[in-house]
file structure_25.json (JSON, C-alpha atoms)
[["chain", "number", "residue", "atom", "x", "y", "z"],
["A", 1, "MET", "CA", -138.43, -141.43, 10.77],
["A", 2, "GLY", "CA", -139.34, -137.75, 11.01],
["A", 3, "MET", "CA", -140.06, -135.76, 7.90],
["A", 4, "LYS", "CA", -138.27, -132.51, 7.15],
["A", 5, "VAL", "CA", -140.17, -129.75, 5.45],
["A", 6, "LYS", "CA", -138.40, -127.67, 2.84],
["A", 7, "THR", "CA", -139.68, -124.19, 2.21],
["A", 8, "GLN", "CA", -138.18, -121.15, 0.54],
["A", 9, "SER", "CA", -140.52, -118.73, 2.26],
["A", 10, "LYS", "CA", -139.00, -116.90, 5.22],
["A", 11, "LYS", "CA", -142.51, -116.13, 6.41],
["A", 12, "VAL", "CA", -143.23, -119.77, 7.14],
["A", 13, "ASN", "CA", -142.27, -121.01, 10.57],
["A", 14, "LYS", "CA", -140.21, -124.07, 9.70],
["A", 15, "ALA", "CA", -140.12, -125.33, 13.26],
["A", 16, "TRP", "CA", -143.92, -125.25, 13.43],
["A", 17, "LEU", "CA", -144.24, -126.98, 10.07],
["A", 18, "ASN", "CA", -141.83, -129.74, 11.07],
["A", 19, "GLN", "CA", -143.70, -130.21, 14.34],
["A", 20, "HIS", "CA", -147.00, -130.31, 12.45],
["A", 21, "VAL", "CA", -146.08, -132.96, 9.88],
["A", 22, "ASN", "CA", -144.43, -135.09, 12.55],
["A", 23, "ASP", "CA", -147.39, -134.75, 14.93],
["A", 24, "PRO", "CA", -148.79, -138.26, 15.57],
["A", 25, "TYR", "CA", -152.36, -136.95, 15.49],
["A", 26, "VAL", "CA", -151.79, -135.25, 12.13],
["A", 27, "ARG", "CA", -150.47, -138.53, 10.75],
["A", 28, "LEU", "CA", -153.33, -140.49, 12.29],
["A", 29, "ALA", "CA", -155.87, -138.08, 10.81],
["A", 30, "GLN", "CA", -154.34, -138.54, 7.37],
["A", 31, "LYS", "CA", -154.36, -142.31, 7.79],
["A", 32, "GLU", "CA", -157.96, -142.49, 9.03],
["A", 33, "GLY", "CA", -159.37, -139.93, 6.62],
["A", 34, "TYR", "CA", -160.10, -137.05, 8.99],
["A", 35, "ARG", "CA", -159.73, -133.50, 7.71],
["A", 36, "ALA", "CA", -157.98, -132.30, 10.88],
["A", 37, "ARG", "CA", -156.33, -133.65, 14.01],
["A", 38, "ALA", "CA", -159.14, -131.98, 16.00],
["A", 39, "ALA", "CA", -161.23, -135.12, 15.46],
["A", 40, "TYR", "CA", -159.22, -136.83, 18.19],
["A", 41, "LYS", "CA", -160.07, -134.12, 20.73],
["A", 42, "LEU", "CA", -163.77, -134.87, 20.36],
["A", 43, "LYS", "CA", -163.08, -138.61, 20.15],
["A", 44, "GLU", "CA", -161.33, -138.61, 23.54],
["A", 45, "ILE", "CA", -164.08, -136.56, 25.21],
["A", 46, "ASP", "CA", -166.76, -138.81, 23.70],
["A", 47, "GLU", "CA", -165.03, -142.05, 24.63],
["A", 48, "THR", "CA", -164.39, -140.84, 28.18],
["A", 49, "LEU", "CA", -167.93, -139.62, 28.83],
["A", 50, "GLY", "CA", -169.94, -141.82, 26.45],
["A", 51, "LEU", "CA", -171.77, -138.94, 24.82],
["A", 52, "ILE", "CA", -172.69, -139.93, 21.25],
["A", 53, "ARG", "CA", -175.23, -142.72, 20.81],
["A", 54, "PRO", "CA", -177.06, -144.14, 17.77],
["A", 55, "GLY", "CA", -180.19, -142.13, 16.98],
["A", 56, "ASP", "CA", -178.83, -138.89, 18.46],
["A", 57, "CYS", "CA", -179.28, -135.46, 16.95],
["A", 58, "VAL", "CA", -176.05, -133.47, 17.12],
["A", 59, "VAL", "CA", -175.43, -129.81, 16.26],
["A", 60, "ASP", "CA", -171.84, -128.94, 15.33],
["A", 61, "LEU", "CA", -171.05, -125.22, 15.71],
["A", 62, "GLY", "CA", -167.89, -123.88, 14.09],
["A", 63, "SER", "CA", -167.68, -127.08, 12.07],
["A", 64, "ALA", "CA", -165.22, -126.26, 9.26],
["A", 65, "PRO", "CA", -163.16, -127.99, 7.99],
["A", 66, "GLY", "CA", -165.41, -130.80, 9.21],
["A", 67, "ALA", "CA", -163.34, -133.16, 11.36],
["A", 68, "TRP", "CA", -165.81, -133.14, 14.25],
["A", 69, "SER", "CA", -168.75, -133.72, 11.90],
["A", 70, "GLN", "CA", -166.80, -136.58, 10.31],
["A", 71, "TYR", "CA", -166.25, -138.17, 13.71],
["A", 72, "ILE", "CA", -169.89, -137.73, 14.73],
["A", 73, "ARG", "CA", -171.03, -139.14, 11.39],
["A", 74, "ARG", "CA", -168.97, -142.29, 11.91],
["A", 75, "ARG", "CA", -170.30, -142.67, 15.46],
["A", 76, "LEU", "CA", -173.88, -142.52, 14.18],
["A", 77, "SER", "CA", -173.22, -145.04, 11.43],
["A", 78, "PRO", "CA", -174.21, -148.66, 12.22],
["A", 79, "GLN", "CA", -170.86, -149.79, 10.84],
["A", 80, "GLY", "CA", -168.80, -146.78, 11.91],
["A", 81, "ALA", "CA", -168.45, -145.89, 8.23],
["A", 82, "ALA", "CA", -167.75, -142.54, 6.62],
["A", 83, "ALA", "CA", -170.60, -143.11, 4.16],
["A", 84, "GLY", "CA", -173.79, -145.12, 3.90],
["A", 85, "ALA", "CA", -176.43, -145.67, 6.57],
["A", 86, "LEU", "CA", -176.78, -143.04, 9.27],
["A", 87, "HIS", "CA", -178.75, -143.55, 12.47],
["A", 88, "GLY", "CA", -179.28, -139.99, 13.67],
["A", 89, "HIS", "CA", -179.06, -136.39, 12.52],
["A", 90, "ILE", "CA", -176.16, -133.95, 12.20],
["A", 91, "VAL", "CA", -176.58, -130.24, 11.51],
["A", 92, "ALA", "CA", -173.35, -128.26, 11.13],
["A", 93, "LEU", "CA", -172.71, -124.53, 10.88],
["A", 94, "ASP", "CA", -169.71, -122.32, 10.17],
["A", 95, "LEU", "CA", -168.67, -118.92, 8.84],
["A", 96, "LEU", "CA", -166.33, -120.70, 6.44],
["A", 97, "PRO", "CA", -167.33, -123.07, 3.65],
["A", 98, "MET", "CA", -167.11, -126.78, 4.45],
["A", 99, "GLU", "CA", -166.74, -129.56, 1.93],
["A", 100, "SER", "CA", -169.84, -131.73, 2.07],
["A", 101, "ILE", "CA", -170.01, -134.79, 4.31],
["A", 102, "GLU", "CA", -172.60, -137.44, 3.50],
["A", 103, "GLY", "CA", -175.55, -137.17, 5.87],
["A", 104, "VAL", "CA", -174.49, -133.83, 7.37],
["A", 105, "HIS", "CA", -176.71, -130.78, 6.74],
["A", 106, "PHE", "CA", -174.36, -127.80, 6.54],
["A", 107, "ILE", "CA", -175.34, -124.15, 7.00],
["A", 108, "LEU", "CA", -172.93, -121.43, 5.89],
["A", 109, "GLY", "CA", -173.25, -118.35, 8.07],
["A", 110, "ASP", "CA", -172.40, -116.44, 11.23],
["A", 111, "PHE", "CA", -173.88, -118.00, 14.36],
["A", 112, "ARG", "CA", -174.13, -114.52, 15.88],
["A", 113, "GLU", "CA", -176.69, -113.42, 13.27],
["A", 114, "GLU", "CA", -180.40, -113.93, 13.92],
["A", 115, "ALA", "CA", -181.12, -114.99, 10.33],
["A", 116, "VAL", "CA", -178.50, -117.74, 10.49],
["A", 117, "LEU", "CA", -179.74, -118.92, 13.87],
["A", 118, "ALA", "CA", -183.27, -119.03, 12.43],
["A", 119, "GLU", "CA", -182.01, -121.17, 9.54],
["A", 120, "LEU", "CA", -180.41, -123.56, 12.02],
["A", 121, "LYS", "CA", -183.64, -123.82, 14.00],
["A", 122, "GLN", "CA", -185.60, -124.42, 10.78],
["A", 123, "ALA", "CA", -183.22, -127.22, 9.75],
["A", 124, "LEU", "CA", -184.04, -128.98, 13.03],
["A", 125, "THR", "CA", -187.77, -128.41, 12.60],
["A", 126, "ASP", "CA", -187.66, -129.76, 9.03],
["A", 127, "ARG", "CA", -186.24, -133.00, 10.42],
["A", 128, "GLY", "CA", -188.96, -133.27, 13.03],
["A", 129, "ILE", "CA", -186.48, -132.63, 15.84],
["A", 130, "GLN", "CA", -187.90, -130.96, 18.90],
["A", 131, "ALA", "CA", -184.82, -131.30, 21.10],
["A", 132, "VAL", "CA", -181.14, -132.00, 20.49],
["A", 133, "ASP", "CA", -179.01, -134.61, 22.29],
["A", 134, "LEU", "CA", -175.63, -132.94, 21.91],
["A", 135, "VAL", "CA", -174.28, -129.52, 20.89],
["A", 136, "VAL", "CA", -170.55, -129.30, 20.19],
["A", 137, "SER", "CA", -168.76, -126.03, 19.58],
["A", 138, "ASP", "CA", -165.21, -125.68, 18.32],
["A", 139, "MET", "CA", -165.91, -122.00, 17.60],
["A", 140, "ALA", "CA", -163.15, -119.54, 18.33],
["A", 141, "PRO", "CA", -162.91, -115.85, 17.44],
["A", 142, "ASN", "CA", -160.09, -114.25, 15.51],
["A", 143, "LEU", "CA", -157.81, -113.18, 18.32],
["A", 144, "SER", "CA", -156.43, -109.63, 18.35],
["A", 145, "GLY", "CA", -153.78, -110.11, 21.02],
["A", 146, "ILE", "CA", -155.55, -107.58, 23.24],
["A", 147, "ALA", "CA", -156.47, -109.68, 26.25],
["A", 148, "SER", "CA", -159.64, -107.86, 27.31],
["A", 149, "ALA", "CA", -161.06, -107.72, 23.78],
["A", 150, "ASP", "CA", -160.23, -111.38, 23.11],
["A", 151, "ALA", "CA", -161.80, -112.47, 26.40],
["A", 152, "ALA", "CA", -165.00, -110.62, 25.46],
["A", 153, "ARG", "CA", -165.11, -112.26, 22.02],
["A", 154, "ILE", "CA", -164.57, -115.73, 23.48],
["A", 155, "ALA", "CA", -167.23, -115.14, 26.12],
["A", 156, "ASP", "CA", -169.69, -113.89, 23.51],
["A", 157, "LEU", "CA", -169.44, -117.07, 21.43],
["A", 158, "ILE", "CA", -169.71, -119.32, 24.48],
["A", 159, "GLU", "CA", -172.72, -117.42, 25.82],
["A", 160, "LEU", "CA", -174.45, -117.80, 22.44],
["A", 161, "ALA", "CA", -173.72, -121.53, 22.44],
["A", 162, "VAL", "CA", -175.07, -121.84, 26.00],
["A", 163, "ASP", "CA", -178.23, -119.90, 25.06],
["A", 164, "PHE", "CA", -178.77, -122.12, 22.01],
["A", 165, "ALA", "CA", -178.22, -125.27, 24.08],
["A", 166, "TRP", "CA", -180.55, -123.98, 26.81],
["A", 167, "SER", "CA", -183.31, -123.56, 24.22],
["A", 168, "HIS", "CA", -182.73, -126.70, 22.16],
["A", 169, "LEU", "CA", -181.11, -129.43, 24.26],
["A", 170, "LYS", "CA", -183.00, -132.30, 25.82],
["A", 171, "LYS", "CA", -183.04, -132.08, 29.62],
["A", 172, "ASP", "CA", -180.30, -134.72, 29.84],
["A", 173, "GLY", "CA", -178.40, -133.31, 26.84],
["A", 174, "THR", "CA", -174.78, -132.17, 26.67],
["A", 175, "LEU", "CA", -172.93, -129.06, 25.49],
["A", 176, "ILE", "CA", -169.21, -129.04, 24.69],
["A", 177, "VAL", "CA", -167.44, -125.73, 24.02],
["A", 178, "LYS", "CA", -163.86, -124.72, 23.43],
["A", 179, "ILE", "CA", -162.42, -122.13, 25.81],
["A", 180, "PHE", "CA", -159.01, -120.65, 26.49],
["A", 181, "HIS", "CA", -157.48, -120.00, 29.89],
["A", 182, "GLY", "CA", -157.58, -116.28, 30.46],
["A", 183, "GLY", "CA", -159.92, -113.44, 31.27],
["A", 184, "ALA", "CA", -163.17, -115.17, 30.33],
["A", 185, "TYR", "CA", -162.42, -118.58, 31.82],
["A", 186, "ASP", "CA", -163.77, -118.27, 35.38],
["A", 187, "ALA", "CA", -166.91, -116.45, 34.26],
["A", 188, "MET", "CA", -167.70, -119.10, 31.65],
["A", 189, "VAL", "CA", -167.19, -121.95, 34.13],
["A", 190, "ALA", "CA", -169.56, -120.12, 36.49],
["A", 191, "LEU", "CA", -172.10, -119.74, 33.66],
["A", 192, "PHE", "CA", -171.94, -123.47, 32.94],
["A", 193, "ARG", "CA", -172.48, -124.25, 36.64],
["A", 194, "GLN", "CA", -175.60, -122.08, 36.60],
["A", 195, "ARG", "CA", -177.04, -123.92, 33.61],
["A", 196, "PHE", "CA", -175.87, -127.56, 33.91],
["A", 197, "ARG", "CA", -176.08, -130.15, 36.65],
["A", 198, "THR", "CA", -172.64, -131.57, 35.86],
["A", 199, "VAL", "CA", -169.73, -129.47, 34.60],
["A", 200, "LYS", "CA", -166.35, -130.88, 33.63],
["A", 201, "THR", "CA", -163.22, -129.42, 32.09],
["A", 202, "PHE", "CA", -161.29, -131.49, 29.61],
["A", 203, "LYS", "CA", -157.82, -131.11, 28.10],
["A", 204, "PRO", "CA", -157.59, -133.89, 25.48],
["A", 205, "LYS", "CA", -154.22, -135.45, 24.69],
["A", 206, "ALA", "CA", -154.63, -134.25, 21.10],
["A", 207, "SER", "CA", -154.69, -130.65, 22.33],
["A", 208, "ARG", "CA", -151.14, -129.38, 22.09],
["A", 209, "ASP", "CA", -149.35, -128.83, 25.40],
["A", 210, "LYS", "CA", -148.45, -125.24, 24.50],
["A", 211, "SER", "CA", -152.06, -124.38, 23.70],
["A", 212, "SER", "CA", -154.18, -122.77, 26.42],
["A", 213, "GLU", "CA", -157.33, -124.31, 24.94],
["A", 214, "THR", "CA", -159.47, -126.60, 27.00],
["A", 215, "PHE", "CA", -163.05, -127.80, 26.69],
["A", 216, "LEU", "CA", -166.00, -127.22, 28.97],
["A", 217, "VAL", "CA", -168.59, -130.00, 29.12],
["A", 218, "GLY", "CA", -172.01, -129.31, 30.58],
["A", 219, "GLN", "CA", -174.43, -132.21, 31.08],
["A", 220, "GLY", "CA", -178.08, -132.11, 32.16],
["A", 221, "LEU", "CA", -179.92, -128.80, 32.09],
["A", 222, "ILE", "CA", -180.85, -127.17, 35.37],
["A", 223, "THR", "CA", -184.51, -126.30, 34.90]]
call {"tool": "encode", "arguments": {"input": "structure_25.json", "output": "structure tokens"}}
result
Amino acid sequence: MGMKVKTQSKKVNKAWLNQHVNDPYVRLAQKEGYRARAAYKLKEIDETLGLIRPGDCVVDLGSAPGAWSQYIRRRLSPQGAAAGALHGHIVALDLLPMESIEGVHFILGDFREEAVLAELKQALTDRGIQAVDLVVSDMAPNLSGIASADAARIADLIELAVDFAWSHLKKDGTLIVKIFHGGAYDAMVALFRQRFRTVKTFKPKASRDKSSETFLVGQGLIT
């Protein structure tokens, strides 16, 4: 049975709210203890490509509210648990605060700022990590609706993620970034092909049909 949402606010899009609460991935996230349905986007990419393995070090960029970090944490747990033993390292970063997740080192800050990037690098060094297995980025800018400006903002974040991955990934490591179809898309695919041996695009089932978002996956650095 579908749920109906009652709201007195005319500013709230009732159709969107009804779609949201009846979304099977929203319900599944609530059932399985994930903070957002986005966990199932990463889950599908991971299960298809076999990316996350015990002992890995994973950096989660744009991590709030934490669903991707939650998924990674469970994948690195010997029992697939949300708490307890953890075989690997997870460092997460976001502009927005994120409620703590056991075993995840969270950095609050803007990835575009040198000081924040330095803090991220130091967190890896403190853990004795010289190279990372996987970088995942669900970062997205605040969109203005002006196509050229939005394309530039999207490209900027992806280029920063690629630069970070280029400097910190193992040679056979993987980078996953979120991208939207539009002005920056072709250029970012070309950038990935310059930097990675294998490049794939992925539109997970959990990504809404109406959304133009897709994910770029780059595997194996070209050195």
call {"tool": "closest_residue", "arguments": {"input": "structure_25.json", "among": "A:Ile146, A:Ala206, A:Ala83, A:Gly218", "to": "Ala36 in chain A", "atoms": "only C-alpha atoms"}}
result
A:Ala206
call {"tool": "closest_residue", "arguments": {"input": "structure_25.json", "among": "A:Asp186, A:Glu114, A:Asp150, A:Asp133", "to": "Leu221 in chain A", "atoms": "only C-alpha atoms"}}
result
A:Asp133
call {"tool": "closest_residue", "arguments": {"input": "structure_25.json", "among": "A:Ala140, A:Val189, A:Ala151, A:Leu93", "to": "Val58 in chain A", "atoms": "all atoms listed in the file"}}
result
A:Leu93
call {"tool": "residues_around", "arguments": {"input": "structure_25.json", "residues": "Arg75 in chain A", "least_positions_apart": "4", "cutoff": "8 Å", "atoms": "only C-alpha atoms", "output": "VMD selection string"}}
result
chain A and resid 52 to 54 71 80
call {"tool": "write_last_selection", "arguments": {"input": "structure_25.json", "atoms": "C-alpha atoms", "output": "short mmCIF file (atom, residue, chain, number, x, y, z; two decimals), in the coordinates of the input"}}
result
data_model
loop_
_atom_site.label_atom_id
_atom_site.label_comp_id
_atom_site.auth_asym_id
_atom_site.auth_seq_id
_atom_site.Cartn_x
_atom_site.Cartn_y
_atom_site.Cartn_z
CA ILE A 52 -172.69 -139.93 21.25
CA ARG A 53 -175.23 -142.72 20.81
CA PRO A 54 -177.06 -144.14 17.77
CA TYR A 71 -166.25 -138.17 13.71
CA GLY A 80 -168.80 -146.78 11.91
#
call {"tool": "atom_distance", "arguments": {"input": "structure_25.json", "atom1": "CA of Ile154 in chain A", "atom2": "CA of Ser137 in chain A"}}
result
11.8 Å
call {"tool": "closest_residue", "arguments": {"input": "structure_25.json", "among": "A:Cys57, A:Ala187, A:Met98, A:Leu175", "to": "Ile72 in chain A", "atoms": "all atoms listed in the file"}}
result
A:Cys57
call {"tool": "residues_around", "arguments": {"input": "structure_25.json", "residues": "range 115-121 of chain A", "least_positions_apart": "3", "cutoff": "10 Å", "atoms": "all atoms listed in the file", "output": "ChimeraX atom specification"}}
result
/A:59,91-94,105-112,124-126,129-130,164,168
call {"tool": "closest_residue", "arguments": {"input": "structure_25.json", "among": "A:Gln70, A:Ser212, A:Gln79, A:Ser63", "to": "Pro97 in chain A", "atoms": "all atoms listed in the file"}}
result
A:Ser63
call {"tool": "atom_distance", "arguments": {"input": "structure_25.json", "atom1": "CA of Leu42 in chain A", "atom2": "CA of Gln122 in chain A"}}
result
26.0 Å
call {"tool": "atom_distance", "arguments": {"input": "structure_25.json", "atom1": "CA of Val162 in chain A", "atom2": "CA of Glu102 in chain A"}}
result
27.5 Å
call {"tool": "residues_near_point", "arguments": {"input": "structure_25.json", "point": "(-182.1, -126.9, 38.1)", "cutoff": "12 Å", "atoms": "all atoms listed in the file", "output": "number ranges by chain"}}
result
A: 166, 171-172, 192-198, 219-223
call {"tool": "residues_around", "arguments": {"input": "structure_25.json", "residues": "Glu99 in chain A", "least_positions_apart": "5", "cutoff": "10 Å", "atoms": "only C-alpha atoms", "output": "list in words"}}
result
Arg35, Ala64, Pro65, Gly66 and Phe106 of chain A
call {"tool": "closest_residue", "arguments": {"input": "structure_25.json", "among": "A:Ile45, A:Leu169, A:Leu160, A:Ala81", "to": "Thr214 in chain A", "atoms": "only C-alpha atoms"}}
result
A:Ile45
call {"tool": "residues_near_point", "arguments": {"input": "structure_25.json", "point": "(-159.9, -137.8, 22.2)", "cutoff": "10 Å", "atoms": "all atoms listed in the file", "output": "ChimeraX atom specification"}}
result
/A:37-48,202-207
call {"tool": "axis_aligned_box", "arguments": {"input": "structure_25.json", "around": "range 25-42 of chain A", "padding_each_side": "5 Å", "output": "AutoDock Vina command-line options"}}
result
--center_x -157.1 --center_y -137.2 --center_z 13.7 --size_x 23.3 --size_y 20.5 --size_z 24.1
call {"tool": "build_atoms", "arguments": {"input": "structure_25.json", "residues": "range 181-213 of chain A", "atoms": "N, CA and C atoms", "output": "PDB file, keeping the file's coordinate frame"}}
result
ATOM      1  N   HIS A 181    -157.781-120.547  28.561  1.00  0.00           N
ATOM      2  CA  HIS A 181    -157.480-120.000  29.890  1.00  0.00           C
ATOM      3  C   HIS A 181    -157.154-118.519  29.734  1.00  0.00           C
ATOM      4  N   GLY A 182    -157.776-117.722  30.564  1.00  0.00           N
ATOM      5  CA  GLY A 182    -157.580-116.280  30.460  1.00  0.00           C
ATOM      6  C   GLY A 182    -158.729-115.549  31.105  1.00  0.00           C
ATOM      7  N   GLY A 183    -158.974-114.322  30.636  1.00  0.00           N
ATOM      8  CA  GLY A 183    -159.920-113.440  31.270  1.00  0.00           C
ATOM      9  C   GLY A 183    -161.344-113.939  31.357  1.00  0.00           C
ATOM     10  N   ALA A 184    -161.776-114.739  30.355  1.00  0.00           N
ATOM     11  CA  ALA A 184    -163.170-115.170  30.330  1.00  0.00           C
ATOM     12  C   ALA A 184    -163.391-116.515  31.028  1.00  0.00           C
ATOM     13  N   TYR A 185    -162.321-117.182  31.400  1.00  0.00           N
ATOM     14  CA  TYR A 185    -162.420-118.580  31.820  1.00  0.00           C
ATOM     15  C   TYR A 185    -163.318-118.764  33.055  1.00  0.00           C
ATOM     16  N   ASP A 186    -163.019-118.061  34.132  1.00  0.00           N
ATOM     17  CA  ASP A 186    -163.770-118.270  35.380  1.00  0.00           C
ATOM     18  C   ASP A 186    -165.246-117.926  35.209  1.00  0.00           C
ATOM     19  N   ALA A 187    -165.519-116.855  34.473  1.00  0.00           N
ATOM     20  CA  ALA A 187    -166.910-116.450  34.260  1.00  0.00           C
ATOM     21  C   ALA A 187    -167.686-117.488  33.459  1.00  0.00           C
ATOM     22  N   MET A 188    -167.019-118.098  32.480  1.00  0.00           N
ATOM     23  CA  MET A 188    -167.700-119.100  31.650  1.00  0.00           C
ATOM     24  C   MET A 188    -167.923-120.402  32.419  1.00  0.00           C
ATOM     25  N   VAL A 189    -166.988-120.773  33.267  1.00  0.00           N
ATOM     26  CA  VAL A 189    -167.190-121.950  34.130  1.00  0.00           C
ATOM     27  C   VAL A 189    -168.378-121.695  35.054  1.00  0.00           C
ATOM     28  N   ALA A 190    -168.450-120.483  35.601  1.00  0.00           N
ATOM     29  CA  ALA A 190    -169.560-120.120  36.490  1.00  0.00           C
ATOM     30  C   ALA A 190    -170.888-120.171  35.730  1.00  0.00           C
ATOM     31  N   LEU A 191    -170.887-119.695  34.479  1.00  0.00           N
ATOM     32  CA  LEU A 191    -172.100-119.740  33.660  1.00  0.00           C
ATOM     33  C   LEU A 191    -172.557-121.182  33.449  1.00  0.00           C
ATOM     34  N   PHE A 192    -171.619-122.056  33.130  1.00  0.00           N
ATOM     35  CA  PHE A 192    -171.940-123.470  32.940  1.00  0.00           C
ATOM     36  C   PHE A 192    -172.538-124.064  34.217  1.00  0.00           C
ATOM     37  N   ARG A 193    -171.990-123.688  35.367  1.00  0.00           N
ATOM     38  CA  ARG A 193    -172.480-124.250  36.640  1.00  0.00           C
ATOM     39  C   ARG A 193    -173.884-123.740  36.966  1.00  0.00           C
ATOM     40  N   GLN A 194    -174.233-122.594  36.416  1.00  0.00           N
ATOM     41  CA  GLN A 194    -175.600-122.080  36.600  1.00  0.00           C
ATOM     42  C   GLN A 194    -176.598-122.842  35.734  1.00  0.00           C
ATOM     43  N   ARG A 195    -176.128-123.355  34.599  1.00  0.00           N
ATOM     44  CA  ARG A 195    -177.040-123.920  33.610  1.00  0.00           C
ATOM     45  C   ARG A 195    -177.057-125.452  33.567  1.00  0.00           C
ATOM     46  N   PHE A 196    -175.978-126.104  34.039  1.00  0.00           N
ATOM     47  CA  PHE A 196    -175.870-127.560  33.910  1.00  0.00           C
ATOM     48  C   PHE A 196    -175.640-128.235  35.259  1.00  0.00           C
ATOM     49  N   ARG A 197    -176.217-129.410  35.397  1.00  0.00           N
ATOM     50  CA  ARG A 197    -176.080-130.150  36.650  1.00  0.00           C
ATOM     51  C   ARG A 197    -174.644-130.639  36.859  1.00  0.00           C
ATOM     52  N   THR A 198    -174.015-131.075  35.770  1.00  0.00           N
ATOM     53  CA  THR A 198    -172.640-131.570  35.860  1.00  0.00           C
ATOM     54  C   THR A 198    -171.766-130.760  34.901  1.00  0.00           C
ATOM     55  N   VAL A 199    -170.662-130.246  35.417  1.00  0.00           N
ATOM     56  CA  VAL A 199    -169.730-129.470  34.600  1.00  0.00           C
ATOM     57  C   VAL A 199    -168.334-130.052  34.752  1.00  0.00           C
ATOM     58  N   LYS A 200    -167.695-130.325  33.611  1.00  0.00           N
ATOM     59  CA  LYS A 200    -166.350-130.880  33.630  1.00  0.00           C
ATOM     60  C   LYS A 200    -165.465-130.084  32.681  1.00  0.00           C
ATOM     61  N   THR A 201    -164.191-129.992  33.012  1.00  0.00           N
ATOM     62  CA  THR A 201    -163.220-129.420  32.090  1.00  0.00           C
ATOM     63  C   THR A 201    -162.378-130.550  31.534  1.00  0.00           C
ATOM     64  N   PHE A 202    -161.965-130.402  30.297  1.00  0.00           N
ATOM     65  CA  PHE A 202    -161.290-131.490  29.610  1.00  0.00           C
ATOM     66  C   PHE A 202    -160.160-130.938  28.745  1.00  0.00           C
ATOM     67  N   LYS A 203    -158.972-131.462  28.937  1.00  0.00           N
ATOM     68  CA  LYS A 203    -157.820-131.110  28.100  1.00  0.00           C
ATOM     69  C   LYS A 203    -157.392-132.397  27.383  1.00  0.00           C
ATOM     70  N   PRO A 204    -157.916-132.640  26.168  1.00  0.00           N
ATOM     71  CA  PRO A 204    -157.590-133.890  25.480  1.00  0.00           C
ATOM     72  C   PRO A 204    -156.103-134.005  25.151  1.00  0.00           C
ATOM     73  N   LYS A 205    -155.633-135.216  25.036  1.00  0.00           N
ATOM     74  CA  LYS A 205    -154.220-135.450  24.690  1.00  0.00           C
ATOM     75  C   LYS A 205    -153.885-134.844  23.329  1.00  0.00           C
ATOM     76  N   ALA A 206    -154.866-134.800  22.438  1.00  0.00           N
ATOM     77  CA  ALA A 206    -154.630-134.250  21.100  1.00  0.00           C
ATOM     78  C   ALA A 206    -154.531-132.732  21.094  1.00  0.00           C
ATOM     79  N   SER A 207    -154.855-132.094  22.211  1.00  0.00           N
ATOM     80  CA  SER A 207    -154.690-130.650  22.330  1.00  0.00           C
ATOM     81  C   SER A 207    -153.238-130.374  22.686  1.00  0.00           C
ATOM     82  N   ARG A 208    -152.581-129.579  21.894  1.00  0.00           N
ATOM     83  CA  ARG A 208    -151.140-129.380  22.090  1.00  0.00           C
ATOM     84  C   ARG A 208    -150.838-128.787  23.461  1.00  0.00           C
ATOM     85  N   ASP A 209    -149.733-129.249  24.047  1.00  0.00           N
ATOM     86  CA  ASP A 209    -149.350-128.830  25.400  1.00  0.00           C
ATOM     87  C   ASP A 209    -149.216-127.315  25.506  1.00  0.00           C
ATOM     88  N   LYS A 210    -148.694-126.682  24.457  1.00  0.00           N
ATOM     89  CA  LYS A 210    -148.450-125.240  24.500  1.00  0.00           C
ATOM     90  C   LYS A 210    -149.743-124.435  24.358  1.00  0.00           C
ATOM     91  N   SER A 211    -150.802-125.085  23.909  1.00  0.00           N
ATOM     92  CA  SER A 211    -152.060-124.380  23.700  1.00  0.00           C
ATOM     93  C   SER A 211    -152.793-124.203  25.021  1.00  0.00           C
ATOM     94  N   SER A 212    -153.404-123.026  25.204  1.00  0.00           N
ATOM     95  CA  SER A 212    -154.180-122.770  26.420  1.00  0.00           C
ATOM     96  C   SER A 212    -155.623-123.244  26.280  1.00  0.00           C
ATOM     97  N   GLU A 213    -155.941-123.871  25.144  1.00  0.00           N
ATOM     98  CA  GLU A 213    -157.330-124.310  24.940  1.00  0.00           C
ATOM     99  C   GLU A 213    -157.670-125.472  25.869  1.00  0.00           C
TER     100      GLU A 213
END
